[in-house]
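start-v7.cif (mmCIF, C-alpha atoms) appears below.
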```cif
data_structure
#
loop_
_atom_site.label_atom_id
_atom_site.label_comp_id
_atom_site.auth_asym_id
_atom_site.auth_seq_id
_atom_site.Cartn_x
_atom_site.Cartn_y
_atom_site.Cartn_z
CA MET A 1 129.73 149.32 166.07
CA ARG A 2 128.36 146.20 167.69
CA THR A 3 126.80 147.19 170.96
CA ASN A 4 126.11 143.88 172.63
CA TYR A 5 126.57 140.14 172.18
CA VAL A 6 125.32 136.89 173.68
CA ILE A 7 127.09 133.60 174.36
CA THR A 8 124.79 130.62 174.84
CA ILE A 9 126.15 127.59 176.66
CA GLY A 10 124.57 124.15 176.39
CA ARG A 11 126.18 121.48 178.52
CA GLU A 12 126.19 117.81 179.40
CA TYR A 13 125.58 117.13 183.07
CA GLY A 14 128.86 116.87 184.94
CA SER A 15 130.89 118.59 182.21
CA GLY A 16 131.46 121.70 184.32
CA GLY A 17 129.49 123.72 181.79
CA ARG A 18 127.72 125.90 184.33
CA GLU A 19 130.92 126.77 186.18
CA ILE A 20 132.66 127.51 182.88
CA ALA A 21 129.78 129.74 181.81
CA GLU A 22 129.82 131.66 185.07
CA LYS A 23 133.58 132.21 184.98
CA LEU A 24 133.36 133.21 181.33
CA ALA A 25 130.75 135.87 182.10
CA LYS A 26 132.88 137.15 184.95
CA SER A 27 136.03 137.28 182.83
CA LEU A 28 134.20 139.20 180.09
CA ASN A 29 132.48 141.36 182.67
CA ILE A 30 128.99 140.64 181.32
CA SER A 31 125.77 139.31 182.85
CA PHE A 32 125.20 135.65 183.61
CA TYR A 33 121.82 133.92 183.32
CA ASP A 34 120.76 130.43 184.16
CA LYS A 35 118.19 129.51 186.78
CA ASN A 36 117.90 133.18 187.73
CA LEU A 37 115.91 133.76 184.51
CA ILE A 38 112.97 132.33 186.44
CA ASN A 39 112.98 135.33 188.73
CA ILE A 40 112.59 137.68 185.78
CA VAL A 41 109.80 135.52 184.37
CA ALA A 42 108.10 135.51 187.77
CA GLU A 43 108.38 139.27 188.11
CA ARG A 44 107.04 139.95 184.65
CA SER A 45 104.28 137.39 184.65
CA GLY A 46 103.20 137.19 188.26
CA TYR A 47 103.65 133.39 188.27
CA ARG A 48 105.13 132.10 191.51
CA VAL A 49 108.83 131.25 191.48
CA GLU A 50 108.25 127.90 193.23
CA ILE A 51 105.91 126.73 190.48
CA LEU A 52 108.21 127.88 187.71
CA ASP A 53 111.16 126.27 189.44
CA LYS A 54 109.62 122.80 189.16
CA ALA A 55 109.29 123.22 185.42
CA ASP A 56 112.73 124.71 184.86
CA GLU A 57 114.53 123.08 181.93
CA LYS A 58 112.04 120.25 181.79
CA ALA A 59 109.56 119.20 179.15
CA ALA A 60 106.20 118.45 180.75
CA ASN A 61 105.91 114.92 182.02
CA PRO A 62 102.83 113.66 180.17
CA LEU A 63 101.70 111.94 183.38
CA PHE A 64 101.59 115.21 185.23
CA SER A 65 100.56 117.71 182.61
CA GLY A 66 97.57 119.60 183.84
CA TYR A 67 98.81 119.05 187.36
CA ASN A 68 99.21 122.12 189.50
CA ILE A 69 98.33 124.57 186.76
CA PRO A 70 97.08 127.78 188.36
CA PRO A 71 94.10 129.71 186.98
CA GLY A 72 95.03 131.76 183.93
CA PHE A 73 97.25 129.05 182.50
CA ASP A 74 94.56 128.16 180.03
CA VAL A 75 96.60 126.70 177.16
CA GLY A 76 99.77 124.61 177.40
CA THR A 77 101.41 123.12 180.44
CA ILE A 78 103.23 125.12 183.06
CA ASN A 79 106.40 123.99 181.31
CA ASP A 80 105.19 125.47 178.04
CA LYS A 81 104.27 128.72 179.75
CA LEU A 82 107.67 128.96 181.35
CA PHE A 83 109.38 128.18 178.06
CA TRP A 84 107.40 130.80 176.13
CA ASN A 85 107.83 133.50 178.77
CA GLN A 86 111.48 132.68 179.28
CA SER A 87 112.10 132.77 175.53
CA SER A 88 110.59 136.22 175.40
CA VAL A 89 112.84 137.36 178.28
CA ILE A 90 115.88 135.85 176.53
CA LYS A 91 115.05 137.68 173.28
CA ASP A 92 114.69 140.97 175.17
CA LEU A 93 118.01 140.48 176.94
CA ALA A 94 119.75 139.67 173.66
CA GLN A 95 118.53 142.97 172.22
CA LYS A 96 119.94 145.13 174.92
CA GLU A 97 122.80 143.65 176.91
CA SER A 98 125.83 141.38 176.62
CA CYS A 99 125.44 138.16 178.56
CA VAL A 100 126.12 134.46 178.92
CA ILE A 101 122.99 132.28 179.00
CA VAL A 102 123.16 128.66 180.19
CA GLY A 103 120.72 126.13 178.72
CA ARG A 104 117.06 127.12 178.28
CA CYS A 105 117.33 126.35 174.53
CA ALA A 106 118.79 129.85 174.18
CA ASP A 107 120.73 128.88 171.02
CA TYR A 108 117.42 127.93 169.41
CA VAL A 109 115.46 130.87 170.83
CA LEU A 110 118.05 133.29 169.41
CA ARG A 111 118.57 131.43 166.12
CA ASP A 112 117.63 134.46 164.00
CA MET A 113 119.95 136.87 165.76
CA ASP A 114 123.39 137.63 164.46
CA ASN A 115 125.20 138.68 167.64
CA VAL A 116 125.17 135.23 169.20
CA LEU A 117 127.88 132.61 169.75
CA ASN A 118 126.52 129.14 170.52
CA VAL A 119 128.76 126.87 172.56
CA PHE A 120 128.22 123.34 173.83
CA ILE A 121 130.34 121.84 176.62
CA GLN A 122 130.79 118.11 176.92
CA ALA A 123 133.18 115.65 178.52
CA PRO A 124 133.82 111.90 178.44
CA MET A 125 131.66 109.93 180.88
CA GLU A 126 134.62 109.08 183.09
CA ALA A 127 135.52 112.74 183.63
CA ARG A 128 131.90 113.57 184.38
CA ILE A 129 131.60 110.73 186.87
CA ASN A 130 134.68 112.02 188.71
CA ARG A 131 133.32 115.55 188.78
CA ILE A 132 129.92 114.51 190.11
CA MET A 133 131.46 112.18 192.73
CA ASP A 134 133.64 115.05 193.95
CA ARG A 135 130.89 117.59 193.93
CA TYR A 136 128.20 115.60 195.68
CA LEU A 137 130.51 113.44 197.79
CA ILE A 138 129.30 110.26 196.10
CA ASP A 139 131.44 107.18 196.75
CA VAL A 140 130.11 104.81 194.12
CA PRO A 141 130.91 105.61 190.47
CA ASN A 142 127.83 103.83 189.25
CA ILE A 143 125.52 106.04 191.29
CA ALA A 144 127.13 109.13 189.78
CA LYS A 145 126.80 107.58 186.34
CA LYS A 146 123.09 106.89 186.79
CA GLU A 147 122.53 110.45 187.99
CA ILE A 148 124.37 111.78 184.94
CA GLN A 149 122.32 109.65 182.59
CA ARG A 150 119.10 110.72 184.30
CA GLU A 151 119.95 114.43 184.12
CA ASP A 152 121.10 114.20 180.52
CA LYS A 153 117.85 112.49 179.65
CA ILE A 154 115.84 115.33 181.21
CA ARG A 155 117.88 117.95 179.36
CA ARG A 156 117.66 116.03 176.11
CA SER A 157 113.86 115.64 176.32
CA TYR A 158 113.47 119.31 177.18
CA TYR A 159 115.70 120.54 174.37
CA GLN A 160 114.29 118.22 171.75
CA PHE A 161 110.70 118.89 172.77
CA TYR A 162 111.00 122.64 172.33
CA THR A 163 113.46 122.87 169.44
CA ASP A 164 113.00 119.80 167.25
CA ARG A 165 116.78 119.66 167.17
CA LYS A 166 119.06 116.95 168.45
CA TRP A 167 120.48 117.84 171.88
CA GLY A 168 124.25 117.86 172.06
CA GLY A 169 124.29 117.50 168.31
CA ASN A 170 126.28 119.89 166.20
CA GLN A 171 123.36 121.69 164.62
CA GLY A 172 123.37 125.33 165.56
CA HIS A 173 126.54 125.14 167.64
CA HIS A 174 129.52 127.24 166.66
CA LEU A 175 131.81 125.51 169.11
CA VAL A 176 131.60 122.15 170.85
CA ILE A 177 134.36 121.53 173.35
CA ASP A 178 135.42 118.69 175.61
CA SER A 179 136.10 120.41 178.94
CA SER A 180 138.35 117.57 180.13
CA VAL A 181 141.08 118.60 177.67
CA LEU A 182 141.87 122.06 179.05
CA GLY A 183 139.96 121.93 182.35
CA VAL A 184 137.52 124.58 183.55
CA ASP A 185 139.87 127.58 183.37
CA GLY A 186 141.47 126.57 180.07
CA THR A 187 138.05 126.05 178.52
CA VAL A 188 136.94 129.48 179.75
CA GLU A 189 140.05 130.94 178.16
CA LEU A 190 139.44 129.26 174.80
CA ILE A 191 135.80 130.35 174.57
CA ARG A 192 136.87 133.84 175.61
CA THR A 193 139.45 133.87 172.81
CA MET A 194 136.79 132.88 170.30
CA ALA A 195 134.33 135.49 171.60
CA LYS A 196 136.97 138.20 171.36
CA MET A 197 137.74 137.27 167.76
CA ARG A 198 134.09 136.93 166.82
CA PHE A 199 132.85 140.13 168.43
CA ASP A 200 135.98 142.26 167.99
CA LEU A 201 136.39 142.76 171.74
CA GLU A 202 139.43 144.35 173.29
CA MET B 203 158.80 116.32 178.62
CA ARG B 204 156.32 115.71 175.82
CA THR B 205 158.31 115.17 172.66
CA ASN B 206 155.65 115.13 169.98
CA TYR B 207 151.91 115.61 169.45
CA VAL B 208 149.28 114.97 166.80
CA ILE B 209 146.26 117.00 165.74
CA THR B 210 143.66 115.05 163.79
CA ILE B 211 141.21 117.01 161.64
CA GLY B 212 137.91 115.55 160.45
CA ARG B 213 135.87 117.82 158.19
CA GLU B 214 132.63 118.24 156.37
CA TYR B 215 133.06 118.72 152.62
CA GLY B 216 133.22 122.42 151.76
CA SER B 217 133.97 123.51 155.34
CA GLY B 218 137.54 124.53 154.47
CA GLY B 219 138.84 121.82 156.79
CA ARG B 220 141.71 120.78 154.58
CA GLU B 221 142.94 124.33 154.06
CA ILE B 222 142.62 125.02 157.78
CA ALA B 223 144.58 121.86 158.58
CA GLU B 224 147.35 122.75 156.15
CA LYS B 225 147.69 126.31 157.47
CA LEU B 226 147.60 125.00 161.03
CA ALA B 227 150.49 122.62 160.34
CA LYS B 228 152.44 125.42 158.70
CA SER B 229 151.82 127.83 161.58
CA LEU B 230 152.95 125.22 164.11
CA ASN B 231 155.83 124.21 161.88
CA ILE B 232 154.91 120.52 161.94
CA SER B 233 154.20 117.91 159.23
CA PHE B 234 150.95 117.73 157.32
CA TYR B 235 149.35 114.50 156.15
CA ASP B 236 146.30 113.85 154.06
CA LYS B 237 146.29 112.15 150.66
CA ASN B 238 150.10 111.99 150.77
CA LEU B 239 149.81 109.16 153.32
CA ILE B 240 149.11 106.93 150.32
CA ASN B 241 152.65 107.45 149.08
CA ILE B 242 154.07 106.16 152.35
CA VAL B 243 151.72 103.17 152.24
CA ALA B 244 152.75 102.48 148.64
CA GLU B 245 156.45 102.70 149.48
CA ARG B 246 156.17 100.43 152.47
CA SER B 247 153.84 97.88 150.96
CA GLY B 248 154.72 97.85 147.30
CA TYR B 249 151.06 98.43 146.32
CA ARG B 250 150.70 100.83 143.41
CA VAL B 251 149.73 104.40 144.22
CA GLU B 252 147.05 104.47 141.49
CA ILE B 253 145.25 101.50 143.02
CA LEU B 254 145.45 102.88 146.54
CA ASP B 255 144.28 106.27 145.32
CA LYS B 256 140.94 104.86 144.14
CA ALA B 257 140.28 103.46 147.61
CA ASP B 258 141.41 106.55 149.53
CA GLU B 259 138.91 107.55 152.23
CA LYS B 260 136.27 105.21 150.85
CA ALA B 261 134.62 102.14 152.24
CA ALA B 262 134.54 99.38 149.63
CA ASN B 263 131.57 99.57 147.32
CA PRO B 264 129.98 96.15 147.82
CA LEU B 265 129.32 96.01 144.07
CA PHE B 266 132.99 96.26 143.30
CA SER B 267 134.67 94.48 146.16
CA GLY B 268 136.97 91.85 144.79
CA TYR B 269 137.43 94.00 141.71
CA ASN B 270 140.99 94.88 140.77
CA ILE B 271 142.57 93.18 143.75
CA PRO B 272 146.16 92.30 142.88
CA PRO B 273 147.74 88.97 143.89
CA GLY B 274 148.74 88.92 147.53
CA PHE B 275 145.60 90.80 148.65
CA ASP B 276 144.15 87.57 149.90
CA VAL B 277 141.81 88.82 152.63
CA GLY B 278 139.73 92.00 152.65
CA THR B 279 139.09 94.50 149.89
CA ILE B 280 141.70 96.90 148.59
CA ASN B 281 139.96 99.51 150.76
CA ASP B 282 140.49 97.36 153.85
CA LYS B 283 144.13 96.81 152.95
CA LEU B 284 144.66 100.53 152.53
CA PHE B 285 142.90 101.27 155.80
CA TRP B 286 144.95 98.72 157.76
CA ASN B 287 148.26 99.78 156.23
CA GLN B 288 147.46 103.46 156.56
CA SER B 289 146.45 102.99 160.18
CA SER B 290 149.78 101.37 160.87
CA VAL B 291 151.59 104.28 159.20
CA ILE B 292 149.52 106.78 161.23
CA LYS B 293 150.38 104.99 164.48
CA ASP B 294 154.07 105.03 163.61
CA LEU B 295 153.97 108.75 162.78
CA ALA B 296 152.18 109.52 166.04
CA GLN B 297 154.99 107.80 167.95
CA LYS B 298 157.77 109.83 166.51
CA GLU B 299 156.79 113.20 165.06
CA SER B 300 154.41 116.12 165.54
CA CYS B 301 151.90 116.43 162.74
CA VAL B 302 148.41 117.33 161.54
CA ILE B 303 146.50 114.45 159.95
CA VAL B 304 143.37 115.09 157.87
CA GLY B 305 140.62 112.46 157.79
CA ARG B 306 141.61 108.78 157.45
CA CYS B 307 139.79 108.00 160.74
CA ALA B 308 142.98 109.15 162.48
CA ASP B 309 141.05 110.15 165.63
CA TYR B 310 139.83 106.57 165.90
CA VAL B 311 143.13 104.97 164.90
CA LEU B 312 144.94 106.95 167.62
CA ARG B 313 142.19 106.58 170.23
CA ASP B 314 144.51 104.96 172.77
CA MET B 315 147.24 107.58 172.52
CA ASP B 316 147.45 110.48 174.90
CA ASN B 317 149.29 113.06 172.80
CA VAL B 318 146.42 113.62 170.38
CA LEU B 319 143.96 116.48 169.90
CA ASN B 320 140.91 115.55 167.82
CA VAL B 321 139.23 118.37 165.93
CA PHE B 322 136.23 118.36 163.60
CA ILE B 323 135.52 121.25 161.23
CA GLN B 324 132.01 121.92 160.01
CA ALA B 325 130.01 124.78 158.53
CA PRO B 326 126.38 125.53 157.69
CA MET B 327 125.27 124.24 154.29
CA GLU B 328 124.97 127.76 152.86
CA ALA B 329 128.59 128.62 153.67
CA ARG B 330 129.75 125.32 152.22
CA ILE B 331 127.78 125.86 149.02
CA ASN B 332 129.41 129.27 148.58
CA ARG B 333 132.85 127.85 149.15
CA ILE B 334 132.40 125.02 146.66
CA MET B 335 130.86 127.33 144.03
CA ASP B 336 133.87 129.66 144.36
CA ARG B 337 136.40 126.91 144.33
CA TYR B 338 135.10 124.91 141.39
CA LEU B 339 133.55 127.83 139.50
CA ILE B 340 130.09 126.31 139.80
CA ASP B 341 127.23 128.68 138.92
CA VAL B 342 124.26 126.75 140.26
CA PRO B 343 123.96 126.44 144.06
CA ASN B 344 122.03 123.22 143.77
CA ILE B 345 124.83 121.49 141.89
CA ALA B 346 127.27 122.47 144.61
CA LYS B 347 124.82 121.24 147.24
CA LYS B 348 124.44 117.84 145.56
CA GLU B 349 128.21 117.49 145.31
CA ILE B 350 128.53 118.32 149.02
CA GLN B 351 125.90 115.78 150.00
CA ARG B 352 127.54 113.13 147.81
CA GLU B 353 131.02 113.74 149.27
CA ASP B 354 129.72 113.84 152.83
CA LYS B 355 127.98 110.54 152.21
CA ILE B 356 131.23 108.93 151.03
CA ARG B 357 133.12 110.25 154.06
CA ARG B 358 130.36 109.19 156.42
CA SER B 359 130.21 105.62 155.04
CA TYR B 360 133.99 105.34 155.19
CA TYR B 361 134.26 106.62 158.75
CA GLN B 362 131.34 104.63 160.09
CA PHE B 363 132.43 101.46 158.33
CA TYR B 364 135.89 101.45 159.90
CA THR B 365 135.17 103.00 163.30
CA ASP B 366 131.62 102.06 164.30
CA ARG B 367 131.31 105.67 165.41
CA LYS B 368 129.00 108.33 164.08
CA TRP B 369 130.75 110.62 161.61
CA GLY B 370 130.67 114.29 162.53
CA GLY B 371 129.26 113.26 165.86
CA ASN B 372 130.83 114.48 169.04
CA GLN B 373 132.24 111.15 170.17
CA GLY B 374 135.99 111.28 170.37
CA HIS B 375 136.27 114.92 169.30
CA HIS B 376 137.86 117.40 171.65
CA LEU B 377 136.82 120.39 169.57
CA VAL B 378 134.10 120.81 166.95
CA ILE B 379 134.10 124.19 165.29
CA ASP B 380 131.98 125.97 162.70
CA SER B 381 134.54 127.50 160.34
CA SER B 382 132.08 130.12 159.08
CA VAL B 383 132.24 131.99 162.41
CA LEU B 384 135.92 132.98 162.36
CA GLY B 385 136.82 132.11 158.75
CA VAL B 386 139.80 130.00 157.72
CA ASP B 387 142.52 132.07 159.40
CA GLY B 388 140.54 132.70 162.59
CA THR B 389 139.75 129.01 162.88
CA VAL B 390 143.43 128.15 162.43
CA GLU B 391 144.23 130.62 165.18
CA LEU B 392 141.69 129.15 167.61
CA ILE B 393 142.82 125.55 167.09
CA ARG B 394 146.42 126.72 167.45
CA THR B 395 145.54 128.39 170.75
CA MET B 396 143.98 125.17 172.00
CA ALA B 397 146.96 123.07 170.86
CA LYS B 398 149.37 125.42 172.61
CA MET B 399 147.43 125.16 175.86
CA ARG B 400 146.99 121.41 175.54
CA PHE B 401 150.58 120.55 174.66
CA ASP B 402 152.33 123.35 176.57
CA LEU B 403 153.87 124.77 173.41
CA GLU B 404 155.71 128.08 173.29
#
```
Take the structure in the file and give it back as C-alpha cells.
Amino acid sequence: MRTNYVITIGREYGSGGREIAEKLAKSLNISFYDKNLINIVAERSGYRVEILDKADEKAANPLFSGYNIPPGFDVGTINDKLFWNQSSVIKDLAQKESCVIVGRCADYVLRDMDNVLNVFIQAPMEARINRIMDRYLIDVPNIAKKEIQREDKIRRSYYQFYTDRKWGGNQGHHLVIDSSVLGVDGTVELIRTMAKMRFDLE
Amino acid sequence: MRTNYVITIGREYGSGGREIAEKLAKSLNISFYDKNLINIVAERSGYRVEILDKADEKAANPLFSGYNIPPGFDVGTINDKLFWNQSSVIKDLAQKESCVIVGRCADYVLRDMDNVLNVFIQAPMEARINRIMDRYLIDVPNIAKKEIQREDKIRRSYYQFYTDRKWGGNQGHHLVIDSSVLGVDGTVELIRTMAKMRFDLE
C-alpha cells in the first residue's frame, strides 16, 4: 500500500497557483509547503530566517554573490546553500508525509521518486493582470504586467539555474493547466481528481 | 444556453493522443474528427482525396512544392490549399456541432471562439517507445525512437508553419497532460471531467 504522496506545484506569477495549491492541500487534508520551508531549513541549519528569506526562490544575482554571506558559508552563494538545504528537506518530507509543495524546483528535486505528481499552473497574461490588479489594488494594467514579467523572470532564472530545465516547459510536468478556464476552485477540483486517480485515494 | 462545444487535441506521436481523443468523443457522445476531415474537404472542394491525403498534417516540403498541383490551384501549395479549406471546415463544424478534433492546428484555427477547450497529450519518450513497439510490432527500441522523432518533426513543422506558435508549447493550451500517468482510460476520464466542468455538461 502506498503510504504517502507528494504534489508539486509550479506556477506563473498571477495564475493563482499558490492559492490553488493551498486549497488543494486543505481539501486532501495534507501538509502545505511553500515559503515556510525556510523555517525548517533555518531550524536544521542554524542559518537566520531573514538571510534565507532574501534568497528564497532566487538564483544568486552575480552582482551580489558573496554579499552578506555569513561565516561557515564557505562554498556557493547563500542562494546555493538555501537550495541545497531546502532540497534535502524536500526529499526528507517526500519520504515520510503526504504534502503539496509550491515552487522550489520540487519537481526536479524529486525527479527520481515515484510517488510524485508534478503540476504547473499558468494563465493567459490578461487573466494574470486582472488578478494582480485586484490583489494589490493596482489601477494601471501596465504596471501589473511589468510586475508579472519581472516575477516570472526571477522564477525562470531560479528554476533554470538549478535544474537545467526550461521553466514552464512541459518537461517533467504531468499536468499543465490554465487556471482561467475553471477558476481557482475548479482547478483545485481537477487536480484533486487526478491525484485521487493516480494515488488510489478514497 | 451553450448549444455546442469543441475539444481540440494536439498530441505527441506515440502518446496515445488519437486513441484518447476517439474514446473521449465516444464517452461524450459527440463527433470525432481527424483524418476524416479530408473527406469533407474533398467533397466540398472537388479535390481528390488521394492528393489531399499526401498533404495531411504536413507543411509543404520546399523541394516538392509546385509538384502535383492540379489546375485551379493557382496560389499556394497543395498543403496550403488543404490547410485553408480544412480550417474553413473546422470553423463551420465549431459553429454547429459538438466534437473532438485531433491535430490540424484546430486550437489555432478556433482561437477566437469561446466554446473551445484546447488539450495537448504528451508522454515521456520511454512510454512512447513502448507504445509504438507494441503497436507496430517493432523489436528494436531505437527504431521506434527514430520513428517518433521523425513524426514529431513533421507535426512540429506543420504546426509552426501555419500557426507561428511553438508546437507542444503551452501557448493556447488549456490542459497539457502526460498520458503515462493515468493511462489511456484515466486520461480520457480526466479530460472528460474538465469538459463537463467547463461546458456545464450533465
For this session: List the residues selected by the PyMOL selection byres ((chain A and resi 3-17) around 9) in the file shown, writing them as an MDAnalysis selection string.
Result: chainID A and resid 1:2 18:22 25 93:107 114:125 127:132 147:149 151:152 155 167:168 178:180 183:184 195 199
Find the nearest atom pair between each residue of chain A and chain B for residues within 7 Å, count only C-alpha atoms, give distances in Å to one decimal, sort rows by chain and ascending number, and present the table as JSON lines.
```
{"residue": "A:Gly169", "atom": "CA", "partner": "B:Gly371", "partner_atom": "CA", "distance": 7.0}
{"residue": "A:His174", "atom": "CA", "partner": "B:Asp380", "partner_atom": "CA", "distance": 4.8}
{"residue": "A:Leu175", "atom": "CA", "partner": "B:Ile379", "partner_atom": "CA", "distance": 4.6}
{"residue": "A:Val176", "atom": "CA", "partner": "B:Val378", "partner_atom": "CA", "distance": 4.8}
{"residue": "A:Ile177", "atom": "CA", "partner": "B:Leu377", "partner_atom": "CA", "distance": 4.7}
{"residue": "A:Asp178", "atom": "CA", "partner": "B:His376", "partner_atom": "CA", "distance": 4.8}
{"residue": "A:Val181", "atom": "CA", "partner": "B:Arg400", "partner_atom": "CA", "distance": 6.9}
{"residue": "A:Leu182", "atom": "CA", "partner": "B:Arg400", "partner_atom": "CA", "distance": 6.2}
{"residue": "A:Leu190", "atom": "CA", "partner": "B:Met396", "partner_atom": "CA", "distance": 6.7}
{"residue": "A:Met194", "atom": "CA", "partner": "B:Leu392", "partner_atom": "CA", "distance": 6.7}
{"residue": "A:Arg198", "atom": "CA", "partner": "B:Leu384", "partner_atom": "CA", "distance": 6.2}
```
Using all atoms listed in the file, which residues sit within 9 Å of Asn39 (chain A) once same-chain residues fewer than 5 positions away are excluded, as an mmCIF file with C-alpha atoms, in the coordinates of the input?
```cif
data_model
loop_
_atom_site.group_PDB
_atom_site.id
_atom_site.type_symbol
_atom_site.label_atom_id
_atom_site.label_comp_id
_atom_site.auth_asym_id
_atom_site.auth_seq_id
_atom_site.Cartn_x
_atom_site.Cartn_y
_atom_site.Cartn_z
ATOM 1 C CA ARG A 44 107.040 139.950 184.650
ATOM 2 C CA ARG A 48 105.130 132.100 191.510
ATOM 3 C CA VAL A 49 108.830 131.250 191.480
ATOM 4 C CA LEU A 52 108.210 127.880 187.710
#
```
Exercise. Quick one: residues within 7 Å of region 78-82 of chain A, all atoms listed in the file counted, chain neighbours fewer than 5 positions away excluded, as a PyMOL selection string?
Worked result: chain A and resi 52+55+58-60+69
For those residues, write C-alpha atoms to a file as a PDB file, in the coordinates of the input.
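Produced file again_26.pdb, reproduced below:
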```pdb
ATOM      1  CA  LEU A  52     108.210 127.880 187.710  1.00  0.00           C
ATOM      2  CA  ALA A  55     109.290 123.220 185.420  1.00  0.00           C
ATOM      3  CA  LYS A  58     112.040 120.250 181.790  1.00  0.00           C
ATOM      4  CA  ALA A  59     109.560 119.200 179.150  1.00  0.00           C
ATOM      5  CA  ALA A  60     106.200 118.450 180.750  1.00  0.00           C
ATOM      6  CA  ILE A  69      98.330 124.570 186.760  1.00  0.00           C
TER       7      ILE A  69
END
```
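Taking CA of Asp92 (chain A) and CA of Tyr33 (chain A) as endpoints, the distance between them is 12.9 Å.
Separating CA of Ile253 (chain B) from CA of Ile356 (chain B) is a distance of 17.8 Å.
In terms of minimum interatomic distance to Met113 (chain A), A:Ile90 ranks closest within A:Ile143, A:Ile90, A:Asp185, A:Arg165, counting only C-alpha atoms.
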Around all the atoms of region 319-338 of chain B listed in the file, draw an axis-aligned box and extend it by 8 Å on each of the six sides; I want its centre and edge lengths in Å to one decimal, as lines of an AutoDock Vina configuration file.
```
center_x = 134.5
center_y = 122.6
center_z = 155.6
size_x = 35.0
size_y = 30.1
size_z = 44.5
```
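Relative to CA of Gln86 (chain A), CA of Val41 (chain A) is found at 6.1 Å.
Using all atoms listed in the file, the shortest contact distance between Asp236 (chain B) and any of B:Asp336, B:Asp258, B:Arg313, B:Gly248 is found at B:Asp258.
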